[in-house]
Amino acid sequence: MPGRRTAFVCRECGHSTPKWAGRCPDCGSWDSLQESRVSGGSRGAGDAALIEPVRLGDVQSIDYSRVRFGLPEVERVFGGGLVPGSLCLLGGDPGIGKSTLLIQIANGLRDGDSVLYVSGEESPHQLRLRANRLDIAGRNISVLPEVEVDSVIAAAEKMRPNLLIVDSIQTARVDDLGSVPGSMAQVRESANKLLRYAKESHVPVLIAGHVTKEGNIAGPRTLEHLVDAVMYLEGESRSAYRLLRTVKNRFGSTNEVAVLAMTGTGLAEVPNPSSVFLSERSESAPGSAVAITIEGSRAIMVEVQALVSRTVYSLPKRLATGYDSNRLTMMVAVLGKRAGASLFDQDVYVNVVGGLRLSEPAVDLPVALAIASSLRGRRIKPDVAAFGEIGLVGEVRSVSQGERRLEEAIRMNFGTCLIPKSLADGSTNGAVAVHDLNEAFEAGLD
Ligand code: TYD
Ligand code: MG
């Protein structure tokens with residue numbers, strides 16, 4: 001019996017059903033079913049060729065010789081370079097710098113290594129303009145303005161590049177599939193074909209993917225579970241800094257983050273992010289605190305600012321950039337009740353510099369310090385950094401990786417680090433254990 005050719009797959013939850021419906025029977029979201037091709041019918045057990053299982057202990061471990069591209073920080077995020085035969089997805093908002101990073105990777109390969117750059121978004125002229133800006137001669141890079149995946153693969157098989165780049169997966173198309181490019185069926189089928197090509201040819205394949213408004217790459221999970229690695233390029237597009245983060249990596253740790261800066265000549269690596277995020281700090285102004293946050297496997301110090309000013313509104317404003325606004329509301333309440341910092345008639349603004357988004361609770365303490373500093377008009381002592389979660393009774397609670405944060409503070413020459421009492425073991429010099437907000441203000445404010 002021939003297999004059914006198509007099924008309707010929910011964009012939200014991945015549920016598959018043979019018939020279209022206005023509402024997904026599984027997760028209940030509306031208008032989320034899209035037609036998608038399913039591969040051939042099932043075989044009976046009798047027809048299958050006999051494949052012997054292999055003892056795991058007998059499997060040879062392979063040392064992947066990774067393809068390097070001259071950007072050490074980015075290579076670190078990729079787990080040490082590109083693995084031959086792997087399919088990696090680089091996701092991010094439109095305009096964040098994916099194409100820029102991809103062409104820089106292409107340019108950084110060893111001399112003599114060739115790259116096939118498939119662009120469905122930009123013409124070769126536009127690519128040339130970008131390359132000029134990046135001062136890339138591009139002799140090893142061949143561009144192909146083609147969106148049909150079979151033709152792309154045919155071209156790649158003929159050219160045998162050392163790296164295939166597809167920018168972007170949303171513009172890729174498989175001809176014998178009815179739906180429009182960018183639909184989930186097209187994206188998935190295109191990625192499937194590229195995956196097969198990567199595995200068969202041992203060429204690493206990089207694909208760019210725009211993140212949809214919901215924060216997913218072209219319909220959730222479908223692509224992410226298919227590819228070998230998923231990296232996101234994040235950041236505030238108005239600010240210069242970008243974070244390249246791994247969310248999945250079959251060939252390396254997912255705990256890696258690289259800080260990049262968008263300059264006039266492309267993305268530059270920032271090997272020492274702490275010094276960048278503290279570089280414009282004005283130590284004498286009240287309201288500027290230094291937080292120590294963990295991004296991936298490294299500690300980064302970053303300036304957190306607060307401004308408290310008497311409100312002219314009936315309902316005072318609480319505005320946070322780079323910090324959770326619900327958490328700010330809570331912090332204002334805790335400060336009023338537990339630390340005598342009454343803010344009911346004050347507007348409170350909090351800003352994390354450099355466009356970073358800090359979502360871990362460890363930044364509570366520096367945020368509280370910055371607010372108190374601004375409210376009281378007293379600056380924070382210049383060599384003070386802090387980390388710790390604030391609880392509802394005003395206590396400073398412990399957070400993970402305290403030691404790593406302290407090391408970073410010492411490396412950056414911060415003489416005093418306010419830390420949660422429960423993390424103090426008395427051995428580290430410079431660490432001042434604080435039990436609650438009042439103790440923290442006592443130790444931190446000038
Ligand atoms: P781009 O790589 O085209 O983004 P994406 O492929 O993710 O959509 O980058 C777009 C932005 O980067 C654009 O607004 C211009 C800026 N840019 C620079 O600031 N400097 C540069 O050298 C380049 C090439 C781009
Ligand atoms: Mg692009």
# chains A, B, ... in the order shown; residues from 1 in each chain; ligands from 1
$ residues_near_ligand --ligand "ligand 2" --cutoff "7 Å" --atoms "only C-alpha atoms and all ligand atoms" --output "list in words"
Pro94, Gly95, Gly97, Lys98, Ser99, Glu121 and Asp167 of chain A
$ residues_around --residues "range 70-84 of chain A" --least-positions-apart "5" --cutoff "10 Å" --atoms "only C-alpha atoms" --output "ChimeraX atom specification"
/A:64-65,101,104-110,162-163,198-199,201-206,228-231,244-246,248-260,268-271,296
$ closest_residue --among "A:Asp324, A:Glu236, A:Asp26, A:Glu157" --to "ligand 1" --atoms "only C-alpha atoms and all ligand atoms"
A:Glu236
$ residues_near_ligand --ligand "ligand 1" --cutoff "8 Å" --atoms "only C-alpha atoms and all ligand atoms" --output "JSON, numbers by chain"
{"A": [92, 93, 94, 95, 96, 97, 98, 99, 100, 101, 102, 130, 131, 133, 134, 167, 208, 210, 237, 240, 262, 263, 264, 265, 266, 267]}
$ write_last_selection --atoms "C-alpha atoms" --output "mmCIF file, in the first residue's frame"
data_model
loop_
_atom_site.group_PDB
_atom_site.id
_atom_site.type_symbol
_atom_site.label_atom_id
_atom_site.label_comp_id
_atom_site.auth_asym_id
_atom_site.auth_seq_id
_atom_site.Cartn_x
_atom_site.Cartn_y
_atom_site.Cartn_z
ATOM 1 C CA GLY A 92 18.209 35.619 15.002
ATOM 2 C CA ASP A 93 16.001 38.622 14.361
ATOM 3 C CA PRO A 94 16.126 40.137 10.898
ATOM 4 C CA GLY A 95 18.931 42.699 10.699
ATOM 5 C CA ILE A 96 20.832 41.411 13.699
ATOM 6 C CA GLY A 97 23.894 40.396 11.662
ATOM 7 C CA LYS A 98 23.469 36.770 10.579
ATOM 8 C CA SER A 99 24.550 37.327 6.983
ATOM 9 C CA THR A 100 27.479 39.400 8.189
ATOM 10 C CA LEU A 101 28.664 36.648 10.506
ATOM 11 C CA LEU A 102 28.184 33.985 7.842
ATOM 12 C CA ARG A 130 28.601 43.860 2.067
ATOM 13 C CA ALA A 131 31.890 42.124 1.287
ATOM 14 C CA ARG A 133 32.347 46.926 3.581
ATOM 15 C CA LEU A 134 33.978 44.018 5.379
ATOM 16 C CA ASP A 167 20.987 32.249 3.705
ATOM 17 C CA ALA A 208 20.499 31.149 8.598
ATOM 18 C CA HIS A 210 14.865 34.307 10.904
ATOM 19 C CA SER A 237 19.757 45.984 17.240
ATOM 20 C CA ALA A 240 26.478 47.477 19.118
ATOM 21 C CA MET A 262 28.884 45.226 15.358
ATOM 22 C CA THR A 263 31.340 47.744 13.967
ATOM 23 C CA GLY A 264 31.530 49.657 10.710
ATOM 24 C CA THR A 265 33.534 46.780 9.316
ATOM 25 C CA GLY A 266 31.575 43.796 10.496
ATOM 26 C CA LEU A 267 31.349 41.826 13.700
#
$ select_by_dssp --residues "range 145-348 of chain A" --states "alpha helix (DSSP H)" --output "ChimeraX atom specification"
/A:149-159,184-201,273-278,325-338
$ closest_atom_pairs --of "range 346-440 of chain A" --to "range 301-312 of chain A" --cutoff "7 Å" --atoms "only C-alpha atoms" --output "JSON lines"
{"residue": "A:Gln346", "atom": "CA", "partner": "A:Arg310", "partner_atom": "CA", "distance": 4.4}
{"residue": "A:Asp347", "atom": "CA", "partner": "A:Thr311", "partner_atom": "CA", "distance": 5.1}
{"residue": "A:Val348", "atom": "CA", "partner": "A:Val308", "partner_atom": "CA", "distance": 4.7}
{"residue": "A:Tyr349", "atom": "CA", "partner": "A:Leu307", "partner_atom": "CA", "distance": 5.1}
{"residue": "A:Val350", "atom": "CA", "partner": "A:Ala306", "partner_atom": "CA", "distance": 4.4}
{"residue": "A:Asn351", "atom": "CA", "partner": "A:Gln305", "partner_atom": "CA", "distance": 5.1}
{"residue": "A:Val352", "atom": "CA", "partner": "A:Val304", "partner_atom": "CA", "distance": 4.7}
{"residue": "A:Val353", "atom": "CA", "partner": "A:Glu303", "partner_atom": "CA", "distance": 5.9}
{"residue": "A:Pro366", "atom": "CA", "partner": "A:Val304", "partner_atom": "CA", "distance": 6.9}
{"residue": "A:Val367", "atom": "CA", "partner": "A:Val304", "partner_atom": "CA", "distance": 6.5}
{"residue": "A:Ala370", "atom": "CA", "partner": "A:Ala306", "partner_atom": "CA", "distance": 5.3}
{"residue": "A:Ile371", "atom": "CA", "partner": "A:Ala306", "partner_atom": "CA", "distance": 5.2}
{"residue": "A:Ser374", "atom": "CA", "partner": "A:Val308", "partner_atom": "CA", "distance": 5.7}
{"residue": "A:Leu375", "atom": "CA", "partner": "A:Val308", "partner_atom": "CA", "distance": 5.5}
$ closest_atom_pairs --of "range 234-328 of chain A" --to "range 418-433 of chain A" --cutoff "12 Å" --atoms "only C-alpha atoms" --output "tab-separated table"
residue	atom	partner	partner_atom	distance
A:Ala289	CA	A:Leu418	CA	11.3
A:Val290	CA	A:Leu418	CA	10.4
A:Ala291	CA	A:Leu418	CA	9.9
A:Ile292	CA	A:Leu418	CA	10.3
$ write_last_selection --atoms "C-alpha atoms" --output "PDB file, in the first residue's frame"
ATOM      1  CA  ALA A 289      26.276  49.666  40.292  1.00  0.00           C
ATOM      2  CA  VAL A 290      28.354  46.787  38.968  1.00  0.00           C
ATOM      3  CA  ALA A 291      26.746  43.373  38.563  1.00  0.00           C
ATOM      4  CA  ILE A 292      28.512  40.083  37.976  1.00  0.00           C
TER       5      ILE A 292
END
$ residues_around --residues "Gly209 in chain A" --least-positions-apart "5" --cutoff "8 Å" --atoms "only C-alpha atoms" --output "list in words"
Leu89, Leu90, Gly91, Gly92, Asp167, Ser168, Ile169, Gln170, Ile217 and Ala218 of chain A
$ closest_atom_pairs --of "range 400-444 of chain A" --to "range 275-286 of chain A" --cutoff "12 Å" --atoms "only C-alpha atoms" --output "tab-separated table"
residue	atom	partner	partner_atom	distance
A:Glu408	CA	A:Ser275	CA	10.7
A:Ala409	CA	A:Ser275	CA	11.0
A:Arg411	CA	A:Ser275	CA	10.4
A:Met412	CA	A:Ser275	CA	7.6
A:Asn413	CA	A:Ser275	CA	10.7
A:Phe414	CA	A:Leu278	CA	11.6
A:Gly444	CA	A:Pro286	CA	11.7
$ residues_around --residues "Val227 in chain A" --least-positions-apart "4" --cutoff "7 Å" --atoms "only C-alpha atoms" --output "short mmCIF file (atom, residue, chain, number, x, y, z; two decimals) with C-alpha atoms, in the first residue's frame"
data_model
loop_
_atom_site.label_atom_id
_atom_site.label_comp_id
_atom_site.auth_asym_id
_atom_site.auth_seq_id
_atom_site.Cartn_x
_atom_site.Cartn_y
_atom_site.Cartn_z
CA LEU A 87 24.04 20.97 9.81
CA CYS A 88 24.02 24.11 11.96
CA LEU A 89 21.30 26.68 12.23
CA LEU A 223 13.86 22.63 12.73
#
$ residues_around --residues "Phe441 in chain A" --least-positions-apart "5" --cutoff "9 Å" --atoms "only C-alpha atoms" --output "PyMOL selection string"
chain A and resi 339+368-369+372-373+380+436+446
$ write_last_selection --atoms "C-alpha atoms" --output "mmCIF file, in the first residue's frame"
data_model
loop_
_atom_site.group_PDB
_atom_site.id
_atom_site.type_symbol
_atom_site.label_atom_id
_atom_site.label_comp_id
_atom_site.auth_asym_id
_atom_site.auth_seq_id
_atom_site.Cartn_x
_atom_site.Cartn_y
_atom_site.Cartn_z
ATOM 1 C CA ALA A 339 15.003 48.777 53.663
ATOM 2 C CA ALA A 368 18.719 47.285 44.503
ATOM 3 C CA LEU A 369 22.027 49.003 45.222
ATOM 4 C CA ALA A 372 19.079 52.982 46.741
ATOM 5 C CA SER A 373 22.130 54.901 45.584
ATOM 6 C CA ILE A 380 28.357 53.380 45.385
ATOM 7 C CA ASP A 436 20.085 41.537 53.888
ATOM 8 C CA ASP A 446 29.696 55.763 50.150
#
